[in-house]
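Following: one structure in structure tokens, then a few remarks.
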Amino acid sequence: MAMFLRAGSLFNIQRTTTAMQSYCSSLTSGRQHVNGVDLYYEKTGTGKHAVLLLPGALGSTKTDFQPQLKSLNKELYTVVGWDPRGYGRSRPPDRDFPTDFFERDARDAVDLMKTLGFVKFSLLGWSDGGITALIAAAMNPMSINKMVIWGSNAFVSQQDLDIYNVVRDVSRWSAKMRQPMEEVYGAELFAKTWVAWLDGISQFAQRPEGNICIELLPLIRCPTLIIHGEKDPMVPSFHPHFLLKHIQGSRLHLMPNGKHNIHLRFAEEFNKLVEDFLEEGNNN
Ligand code: TYC
């Protein structure tokens, strides 16, 4: 494993910067008061199938989802991107990581969509956003249409802890990797919040089986597509296989050359996969 645990290669996630914002001409943004905080969101498209994009750790619509906001079919979908509380433009408050932070994000995400007037919607969740999506789908079966998750995990293993350690020190990340996050948070707050996230996610390893949301997986009723980059150095492939086994009727699509950021690096292929899945059965 040590071979691929160099921080440089691990952090080959290219998060996008502001430049692409201008492509999204029909994009609207706003803040909605939900559960005591003002949540920032962006919305595009006029389709009747509502889709919520859930970003990864410290992520935001700006850093994580520009190719999806730009290119997912605008006639078929109304796409909403949100910044979870304490992330991106949903600040203040500063982010904290109590043991129930994923449950809190799941509640915020569903309540945001309901407040925006969506009764039933699909979830596209990356990494931590995928964990949030799993919990949201399990807890709100009547509200969730379909779900796509990638780079996600339902538990934290020793191998995961080893990887967290390698990426702990952000000063060892490449400038290319650090920059989008530093643009959002400033260097100091980014470094501080990243360590807080690592401590927050590591606390699950203290639980039996490193449990984050294992017991919720059998409650998921919506059609679920799991996507995984076979070269993902951050999330070992036993995670998607575990999800596949425990989510009823779910499907796993492997992308042989994909790493952790498949939706950014292979955006066109990824978006097509997602659209095909969302259109299947035409039950929008
Ligand atoms: N879960 C993180 C995310 O939401 C990705 C990540 C995985 C970060 C493993 C570090 O060691 C790590 N993008």
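If you're wondering about the labels, chains in the structure tokens are A, B, ... by order shown, residues count from 1 in each chain, ligands from 1 in order shown.
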Set the cut-off to 7 Å, count only C-alpha atoms and all ligand atoms, and list whatever residues fall near ligand 1 as a list in words.
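For ligand 1, the residues inside 7 Å are Gly56, Ala57, Trp126, Ser127, Asp128, Gly129, Ser152, Asp160, Ile163, Tyr164, Val167, Met234 and Val235 of chain A.
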Please identify every residue of stretch 138-180 of chain A that has at least one atom no farther than 12 Å from an atom of stretch 252-262 of chain A, counting only C-alpha atoms, and for each give the shortest atom pair and the distance in Å to one decimal, arranged by chain then increasing number, as CSV.
residue,atom,partner,partner_atom,distance
A:Val148,CA,A:Leu252,CA,10.0
A:Ile149,CA,A:Leu252,CA,9.8
A:Trp150,CA,A:His260,CA,8.3
A:Gly151,CA,A:His260,CA,6.1
A:Ser152,CA,A:His260,CA,9.6
A:Met177,CA,A:Asn261,CA,11.9
I'd like the neighbourhood of A:Gly88 as a JSON list (two decimals) with all heavy atoms, in the first residue's frame, where a residue qualifies if any of its atoms comes within 7 Å (using only C-alpha atoms), though same-chain residues fewer than 5 positions away should be ignored.
[["chain", "number", "residue", "atom", "x", "y", "z"],
["A", 59, "GLY", "N", -16.14, 20.31, 0.88],
["A", 59, "GLY", "CA", -16.46, 20.66, -0.51],
["A", 59, "GLY", "C", -17.66, 21.59, -0.62],
["A", 59, "GLY", "O", -18.39, 21.84, 0.34],
["A", 60, "SER", "N", -17.85, 22.08, -1.83],
["A", 60, "SER", "CA", -18.91, 23.04, -2.11],
["A", 60, "SER", "C", -19.29, 22.92, -3.58],
["A", 60, "SER", "O", -18.59, 22.27, -4.35],
["A", 60, "SER", "CB", -18.39, 24.46, -1.83],
["A", 60, "SER", "OG", -17.24, 24.70, -2.63],
["A", 83, "ASP", "N", -24.04, 23.82, -0.36],
["A", 83, "ASP", "CA", -22.87, 23.81, 0.51],
["A", 83, "ASP", "C", -23.36, 23.44, 1.91],
["A", 83, "ASP", "O", -24.13, 24.19, 2.51],
["A", 83, "ASP", "CB", -22.20, 25.19, 0.55],
["A", 83, "ASP", "CG", -21.62, 25.61, -0.80],
["A", 83, "ASP", "OD1", -21.74, 24.82, -1.76],
["A", 83, "ASP", "OD2", -21.06, 26.71, -0.87],
["A", 184, "VAL", "N", -11.48, 29.20, -1.16],
["A", 184, "VAL", "CA", -12.77, 29.20, -0.48],
["A", 184, "VAL", "C", -12.63, 29.61, 0.99],
["A", 184, "VAL", "O", -13.39, 30.44, 1.49],
["A", 184, "VAL", "CB", -13.44, 27.80, -0.57],
["A", 184, "VAL", "CG1", -14.68, 27.73, 0.31],
["A", 184, "VAL", "CG2", -13.79, 27.47, -2.01]]
What separates atom CA of A:Asp111 and atom CA of A:Leu52 is a distance of 11.8 Å
>> When DSSP is applied to the backbone of this structure, which of stretch 70-259 of chain A are assigned helix (DSSP H, G or I)? Write them out as a ChimeraX atom specification.
In response: /A:70-71,101-115,128-139,158-166,170-172,175-185,187-206,208-210,214-219,238-246
Of A:Thr99, A:Thr224, A:Asn140, A:Gln66, the one nearest to A:Gln206 when counting only C-alpha atoms is A:Thr99
(Q) Can you tell me which residues surround A:Cys222 at a distance of at most 7 Å, considering only C-alpha atoms, apart from same-chain residues fewer than 3 positions away, and format the answer as a PyMOL selection string? (A) chain A and resi 144-147
A:Val170, A:Leu134, A:Leu243, A:Leu116 ranked by distance to A:Leu198, top pick (using only C-alpha atoms)
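When distances to A:Leu198 are compared using only C-alpha atoms, the smallest one comes from A:Val170.
Atom CA of A:Ala154 lies 5.5 Å from atom CA of A:Ile214.
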_Which of A:Ala133, A:Met139, A:Leu112, A:Leu264 sits closest to A:Leu216 [using only C-alpha atoms]_ =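 Checking each of A:Ala133, A:Met139, A:Leu112, A:Leu264 against A:Leu216, counting only C-alpha atoms, the winner is A:Met139.
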What's around A:Val79 at 10 Å? Count only C-alpha atoms, leave out sequence neighbours fewer than 2 positions away in its own chain, and write the answer as a PDB file with N, CA, C and O atoms, in the first residue's frame.
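Wrote result-v9.pdb, looks like this:
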ATOM      1  N   LEU A  27     -27.929  29.712 -14.213  1.00  0.00           N
ATOM      2  CA  LEU A  27     -27.796  29.291 -12.825  1.00  0.00           C
ATOM      3  C   LEU A  27     -28.266  30.386 -11.866  1.00  0.00           C
ATOM      4  O   LEU A  27     -27.942  31.554 -12.044  1.00  0.00           O
ATOM      5  N   GLU A  42     -27.123  26.475  -5.270  1.00  0.00           N
ATOM      6  CA  GLU A  42     -27.199  26.933  -6.654  1.00  0.00           C
ATOM      7  C   GLU A  42     -28.168  26.013  -7.380  1.00  0.00           C
ATOM      8  O   GLU A  42     -28.275  24.828  -7.046  1.00  0.00           O
ATOM      9  N   LYS A  43     -28.861  26.578  -8.337  1.00  0.00           N
ATOM     10  CA  LYS A  43     -29.907  25.810  -9.010  1.00  0.00           C
ATOM     11  C   LYS A  43     -29.854  26.074 -10.506  1.00  0.00           C
ATOM     12  O   LYS A  43     -29.702  27.230 -10.919  1.00  0.00           O
ATOM     13  N   THR A  44     -30.005  25.022 -11.295  1.00  0.00           N
ATOM     14  CA  THR A  44     -30.010  25.202 -12.748  1.00  0.00           C
ATOM     15  C   THR A  44     -30.914  24.152 -13.384  1.00  0.00           C
ATOM     16  O   THR A  44     -31.146  23.087 -12.806  1.00  0.00           O
ATOM     17  N   GLY A  45     -31.413  24.445 -14.569  1.00  0.00           N
ATOM     18  CA  GLY A  45     -32.274  23.499 -15.278  1.00  0.00           C
ATOM     19  C   GLY A  45     -33.736  23.706 -14.920  1.00  0.00           C
ATOM     20  O   GLY A  45     -34.074  24.325 -13.912  1.00  0.00           O
ATOM     21  N   THR A  46     -34.599  23.160 -15.804  1.00  0.00           N
ATOM     22  CA  THR A  46     -36.040  23.351 -15.620  1.00  0.00           C
ATOM     23  C   THR A  46     -36.795  22.027 -15.660  1.00  0.00           C
ATOM     24  O   THR A  46     -38.015  22.001 -15.780  1.00  0.00           O
ATOM     25  N   GLY A  47     -36.064  20.924 -15.594  1.00  0.00           N
ATOM     26  CA  GLY A  47     -36.694  19.611 -15.705  1.00  0.00           C
ATOM     27  C   GLY A  47     -37.517  19.245 -14.494  1.00  0.00           C
ATOM     28  O   GLY A  47     -37.311  19.794 -13.411  1.00  0.00           O
ATOM     29  N   LYS A  48     -38.432  18.266 -14.680  1.00  0.00           N
ATOM     30  CA  LYS A  48     -39.282  17.908 -13.541  1.00  0.00           C
ATOM     31  C   LYS A  48     -38.611  16.923 -12.593  1.00  0.00           C
ATOM     32  O   LYS A  48     -39.097  16.707 -11.492  1.00  0.00           O
ATOM     33  N   HIS A  49     -37.502  16.362 -13.020  1.00  0.00           N
ATOM     34  CA  HIS A  49     -36.750  15.461 -12.129  1.00  0.00           C
ATOM     35  C   HIS A  49     -35.726  16.305 -11.342  1.00  0.00           C
ATOM     36  O   HIS A  49     -34.752  16.804 -11.895  1.00  0.00           O
ATOM     37  N   ALA A  50     -35.978  16.468 -10.040  1.00  0.00           N
ATOM     38  CA  ALA A  50     -35.068  17.261  -9.195  1.00  0.00           C
ATOM     39  C   ALA A  50     -33.915  16.387  -8.715  1.00  0.00           C
ATOM     40  O   ALA A  50     -34.108  15.222  -8.348  1.00  0.00           O
ATOM     41  N   VAL A  51     -32.718  16.973  -8.745  1.00  0.00           N
ATOM     42  CA  VAL A  51     -31.492  16.246  -8.375  1.00  0.00           C
ATOM     43  C   VAL A  51     -30.670  17.114  -7.436  1.00  0.00           C
ATOM     44  O   VAL A  51     -30.423  18.281  -7.729  1.00  0.00           O
ATOM     45  N   LEU A  52     -30.256  16.545  -6.311  1.00  0.00           N
ATOM     46  CA  LEU A  52     -29.394  17.289  -5.386  1.00  0.00           C
ATOM     47  C   LEU A  52     -27.971  16.751  -5.448  1.00  0.00           C
ATOM     48  O   LEU A  52     -27.745  15.539  -5.355  1.00  0.00           O
ATOM     49  N   LEU A  53     -27.000  17.670  -5.609  1.00  0.00           N
ATOM     50  CA  LEU A  53     -25.579  17.314  -5.625  1.00  0.00           C
ATOM     51  C   LEU A  53     -24.996  17.499  -4.229  1.00  0.00           C
ATOM     52  O   LEU A  53     -25.121  18.588  -3.651  1.00  0.00           O
ATOM     53  N   GLN A  68     -21.115  19.137 -13.518  1.00  0.00           N
ATOM     54  CA  GLN A  68     -22.491  18.624 -13.401  1.00  0.00           C
ATOM     55  C   GLN A  68     -23.487  19.788 -13.531  1.00  0.00           C
ATOM     56  O   GLN A  68     -24.492  19.678 -14.250  1.00  0.00           O
ATOM     57  N   LEU A  69     -23.195  20.899 -12.887  1.00  0.00           N
ATOM     58  CA  LEU A  69     -24.103  22.052 -12.990  1.00  0.00           C
ATOM     59  C   LEU A  69     -24.137  22.578 -14.424  1.00  0.00           C
ATOM     60  O   LEU A  69     -25.160  23.045 -14.904  1.00  0.00           O
ATOM     61  N   LYS A  70     -23.013  22.460 -15.091  1.00  0.00           N
ATOM     62  CA  LYS A  70     -22.942  22.965 -16.466  1.00  0.00           C
ATOM     63  C   LYS A  70     -23.631  22.022 -17.449  1.00  0.00           C
ATOM     64  O   LYS A  70     -24.373  22.464 -18.331  1.00  0.00           O
ATOM     65  N   LEU A  72     -25.296  18.568 -16.979  1.00  0.00           N
ATOM     66  CA  LEU A  72     -26.437  17.646 -16.855  1.00  0.00           C
ATOM     67  C   LEU A  72     -27.627  18.264 -17.592  1.00  0.00           C
ATOM     68  O   LEU A  72     -27.818  19.493 -17.546  1.00  0.00           O
ATOM     69  N   ASN A  73     -28.404  17.420 -18.231  1.00  0.00           N
ATOM     70  CA  ASN A  73     -29.473  17.876 -19.126  1.00  0.00           C
ATOM     71  C   ASN A  73     -30.466  18.823 -18.427  1.00  0.00           C
ATOM     72  O   ASN A  73     -31.121  18.452 -17.454  1.00  0.00           O
ATOM     73  N   LYS A  74     -30.555  20.047 -18.953  1.00  0.00           N
ATOM     74  CA  LYS A  74     -31.343  21.074 -18.259  1.00  0.00           C
ATOM     75  C   LYS A  74     -32.845  20.961 -18.542  1.00  0.00           C
ATOM     76  O   LYS A  74     -33.650  21.553 -17.832  1.00  0.00           O
ATOM     77  N   LEU A  76     -34.336  17.927 -18.716  1.00  0.00           N
ATOM     78  CA  LEU A  76     -34.806  16.787 -17.925  1.00  0.00           C
ATOM     79  C   LEU A  76     -34.735  17.037 -16.422  1.00  0.00           C
ATOM     80  O   LEU A  76     -35.542  16.520 -15.658  1.00  0.00           O
ATOM     81  N   TYR A  77     -33.740  17.812 -16.012  1.00  0.00           N
ATOM     82  CA  TYR A  77     -33.457  17.916 -14.569  1.00  0.00           C
ATOM     83  C   TYR A  77     -33.478  19.349 -14.065  1.00  0.00           C
ATOM     84  O   TYR A  77     -33.116  20.280 -14.779  1.00  0.00           O
ATOM     85  N   GLY A  81     -27.217  22.343  -6.296  1.00  0.00           N
ATOM     86  CA  GLY A  81     -25.980  22.068  -5.559  1.00  0.00           C
ATOM     87  C   GLY A  81     -26.059  22.809  -4.233  1.00  0.00           C
ATOM     88  O   GLY A  81     -26.559  23.931  -4.192  1.00  0.00           O
ATOM     89  N   PHE A 121     -36.954  13.773  -4.877  1.00  0.00           N
ATOM     90  CA  PHE A 121     -35.759  14.150  -5.631  1.00  0.00           C
ATOM     91  C   PHE A 121     -34.724  13.032  -5.581  1.00  0.00           C
ATOM     92  O   PHE A 121     -34.784  12.137  -4.736  1.00  0.00           O
ATOM     93  N   SER A 122     -33.765  13.114  -6.511  1.00  0.00           N
ATOM     94  CA  SER A 122     -32.666  12.149  -6.539  1.00  0.00           C
ATOM     95  C   SER A 122     -31.422  12.769  -5.911  1.00  0.00           C
ATOM     96  O   SER A 122     -31.314  13.997  -5.802  1.00  0.00           O
ATOM     97  N   LEU A 123     -30.489  11.900  -5.489  1.00  0.00           N
ATOM     98  CA  LEU A 123     -29.280  12.356  -4.808  1.00  0.00           C
ATOM     99  C   LEU A 123     -28.051  11.904  -5.584  1.00  0.00           C
ATOM    100  O   LEU A 123     -27.955  10.731  -5.972  1.00  0.00           O
ATOM    101  N   LEU A 124     -27.112  12.832  -5.811  1.00  0.00           N
ATOM    102  CA  LEU A 124     -25.808  12.476  -6.370  1.00  0.00           C
ATOM    103  C   LEU A 124     -24.772  12.862  -5.337  1.00  0.00           C
ATOM    104  O   LEU A 124     -24.541  14.059  -5.103  1.00  0.00           O
TER     105      LEU A 124
END
Computed gap from atom CA of A:His263 to atom CA of A:Ala109 is 20.4 Å
Next on the checklist: Quick check for you: according to DSSP on this backbone, which residues of stretch 144-258 of chain A are classed as strand (DSSP E or B)? Reply as a PyMOL selection string.
Outcome noted: chain A and resi 144-150+155+211+224-229+251-255
Which of A:Ala138, A:Ile131, A:Ile201, A:Leu278 sits closest to A:Asn165 [using only C-alpha atoms]
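Looking at the shortest contact to A:Asn165, the residue is A:Ile201.
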Query raised in the report: Smallest atom-to-atom distance to A:Gln159: which of A:Ser202, A:Asn35, A:Ser250, A:Thr78, using only C-alpha atoms?
Result: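 For A:Gln159, the nearest of the candidates is A:Ser202.
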* Find the residues near A:Arg85: any atom within 9 Å, counting only C-alpha atoms, skip ones fewer than 6 places away on the same chain, and give them as a PyMOL selection string. => chain A and resi 37-40+91-95+105+108
Since we have the selection now, will you write its residues out, keeping C-alpha atoms, as an mmCIF file, in the first residue's frame?
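Contents of the output file selection.cif:
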data_model
loop_
_atom_site.group_PDB
_atom_site.id
_atom_site.type_symbol
_atom_site.label_atom_id
_atom_site.label_comp_id
_atom_site.auth_asym_id
_atom_site.auth_seq_id
_atom_site.Cartn_x
_atom_site.Cartn_y
_atom_site.Cartn_z
ATOM 1 C CA VAL A 37 -28.454 28.048 9.564
ATOM 2 C CA ASP A 38 -28.368 29.813 6.202
ATOM 3 C CA LEU A 39 -27.562 27.215 3.569
ATOM 4 C CA TYR A 40 -26.118 28.351 0.246
ATOM 5 C CA ARG A 91 -20.699 30.092 6.617
ATOM 6 C CA PRO A 92 -20.993 31.194 9.311
ATOM 7 C CA PRO A 93 -21.101 28.958 11.302
ATOM 8 C CA ASP A 94 -17.598 27.508 11.257
ATOM 9 C CA ARG A 95 -17.732 23.805 10.601
ATOM 10 C CA ASP A 105 -25.920 17.021 6.995
ATOM 11 C CA ASP A 108 -30.130 19.676 6.402
#
Would you pick out the contacts of A:Phe242 at 12 Å or less, using only C-alpha atoms, so that residues sharing its chain but fewer than 3 positions from it are not included, and give the list as a PyMOL selection string?
chain A and resi 152-155+213-214+217-218+226+236-239+245-248+250-252
Selected residues written out with N, CA, C and O atoms, as a tab-separated table (two decimals), in the first residue's frame:
chain	number	residue	atom	x	y	z
A	152	SER	N	-17.44	6.61	-1.75
A	152	SER	CA	-18.04	6.67	-0.40
A	152	SER	C	-17.78	5.41	0.41
A	152	SER	O	-17.40	4.38	-0.14
A	153	ASN	N	-18.00	5.51	1.70
A	153	ASN	CA	-17.76	4.39	2.61
A	153	ASN	C	-18.77	4.41	3.75
A	153	ASN	O	-19.21	5.48	4.17
A	154	ALA	N	-19.12	3.20	4.24
A	154	ALA	CA	-20.10	3.12	5.34
A	154	ALA	C	-19.42	2.85	6.68
A	154	ALA	O	-20.07	2.77	7.71
A	155	PHE	N	-18.08	2.67	6.64
A	155	PHE	CA	-17.33	2.44	7.88
A	155	PHE	C	-15.89	2.93	7.68
A	155	PHE	O	-15.47	3.22	6.56
A	213	CYS	N	-22.57	4.15	9.11
A	213	CYS	CA	-24.01	4.02	8.81
A	213	CYS	C	-24.37	2.62	8.30
A	213	CYS	O	-25.31	2.48	7.52
A	214	ILE	N	-23.63	1.61	8.76
A	214	ILE	CA	-23.84	0.24	8.25
A	214	ILE	C	-25.28	-0.22	8.45
A	214	ILE	O	-25.90	-0.81	7.56
A	217	LEU	N	-28.01	0.80	5.82
A	217	LEU	CA	-27.97	0.38	4.41
A	217	LEU	C	-29.16	-0.50	4.01
A	217	LEU	O	-29.74	-0.30	2.93
A	218	PRO	N	-29.58	-1.45	4.86
A	218	PRO	CA	-30.73	-2.28	4.46
A	218	PRO	C	-32.05	-1.51	4.39
A	218	PRO	O	-33.03	-2.03	3.86
A	226	ILE	N	-23.82	2.68	-7.60
A	226	ILE	CA	-22.53	2.97	-6.95
A	226	ILE	C	-21.50	3.03	-8.07
A	226	ILE	O	-21.43	2.12	-8.90
A	236	PRO	N	-10.44	2.63	-0.59
A	236	PRO	CA	-10.17	1.27	-1.06
A	236	PRO	C	-11.43	0.60	-1.61
A	236	PRO	O	-12.54	0.88	-1.15
A	237	SER	N	-11.24	-0.30	-2.56
A	237	SER	CA	-12.39	-0.83	-3.30
A	237	SER	C	-13.27	-1.78	-2.47
A	237	SER	O	-14.37	-2.12	-2.89
A	238	PHE	N	-12.80	-2.17	-1.26
A	238	PHE	CA	-13.73	-2.98	-0.44
A	238	PHE	C	-14.93	-2.14	0.00
A	238	PHE	O	-15.98	-2.70	0.30
A	239	HIS	N	-14.80	-0.83	-0.02
A	239	HIS	CA	-15.95	0.01	0.38
A	239	HIS	C	-17.12	-0.09	-0.60
A	239	HIS	O	-18.24	-0.41	-0.19
A	245	LYS	N	-23.17	-5.00	-1.55
A	245	LYS	CA	-23.70	-6.18	-0.87
A	245	LYS	C	-24.85	-5.82	0.07
A	245	LYS	O	-25.79	-6.59	0.25
A	246	HIS	N	-24.81	-4.64	0.65
A	246	HIS	CA	-25.77	-4.32	1.70
A	246	HIS	C	-26.92	-3.40	1.26
A	246	HIS	O	-27.86	-3.18	2.02
A	247	ILE	N	-26.82	-2.84	0.06
A	247	ILE	CA	-27.93	-2.01	-0.43
A	247	ILE	C	-28.73	-2.83	-1.44
A	247	ILE	O	-28.23	-3.17	-2.53
A	248	GLN	N	-29.95	-3.12	-1.05
A	248	GLN	CA	-30.84	-3.94	-1.85
A	248	GLN	C	-30.93	-3.47	-3.30
A	248	GLN	O	-31.23	-2.29	-3.54
A	250	SER	N	-28.86	-2.73	-5.49
A	250	SER	CA	-27.92	-1.71	-5.99
A	250	SER	C	-27.02	-2.31	-7.07
A	250	SER	O	-26.95	-3.53	-7.24
A	251	ARG	N	-26.34	-1.43	-7.77
A	251	ARG	CA	-25.50	-1.83	-8.89
A	251	ARG	C	-24.16	-1.10	-8.75
A	251	ARG	O	-24.13	0.05	-8.31
A	252	LEU	N	-23.09	-1.78	-9.13
A	252	LEU	CA	-21.75	-1.15	-9.06
A	252	LEU	C	-21.17	-1.01	-10.46
A	252	LEU	O	-21.08	-1.99	-11.20
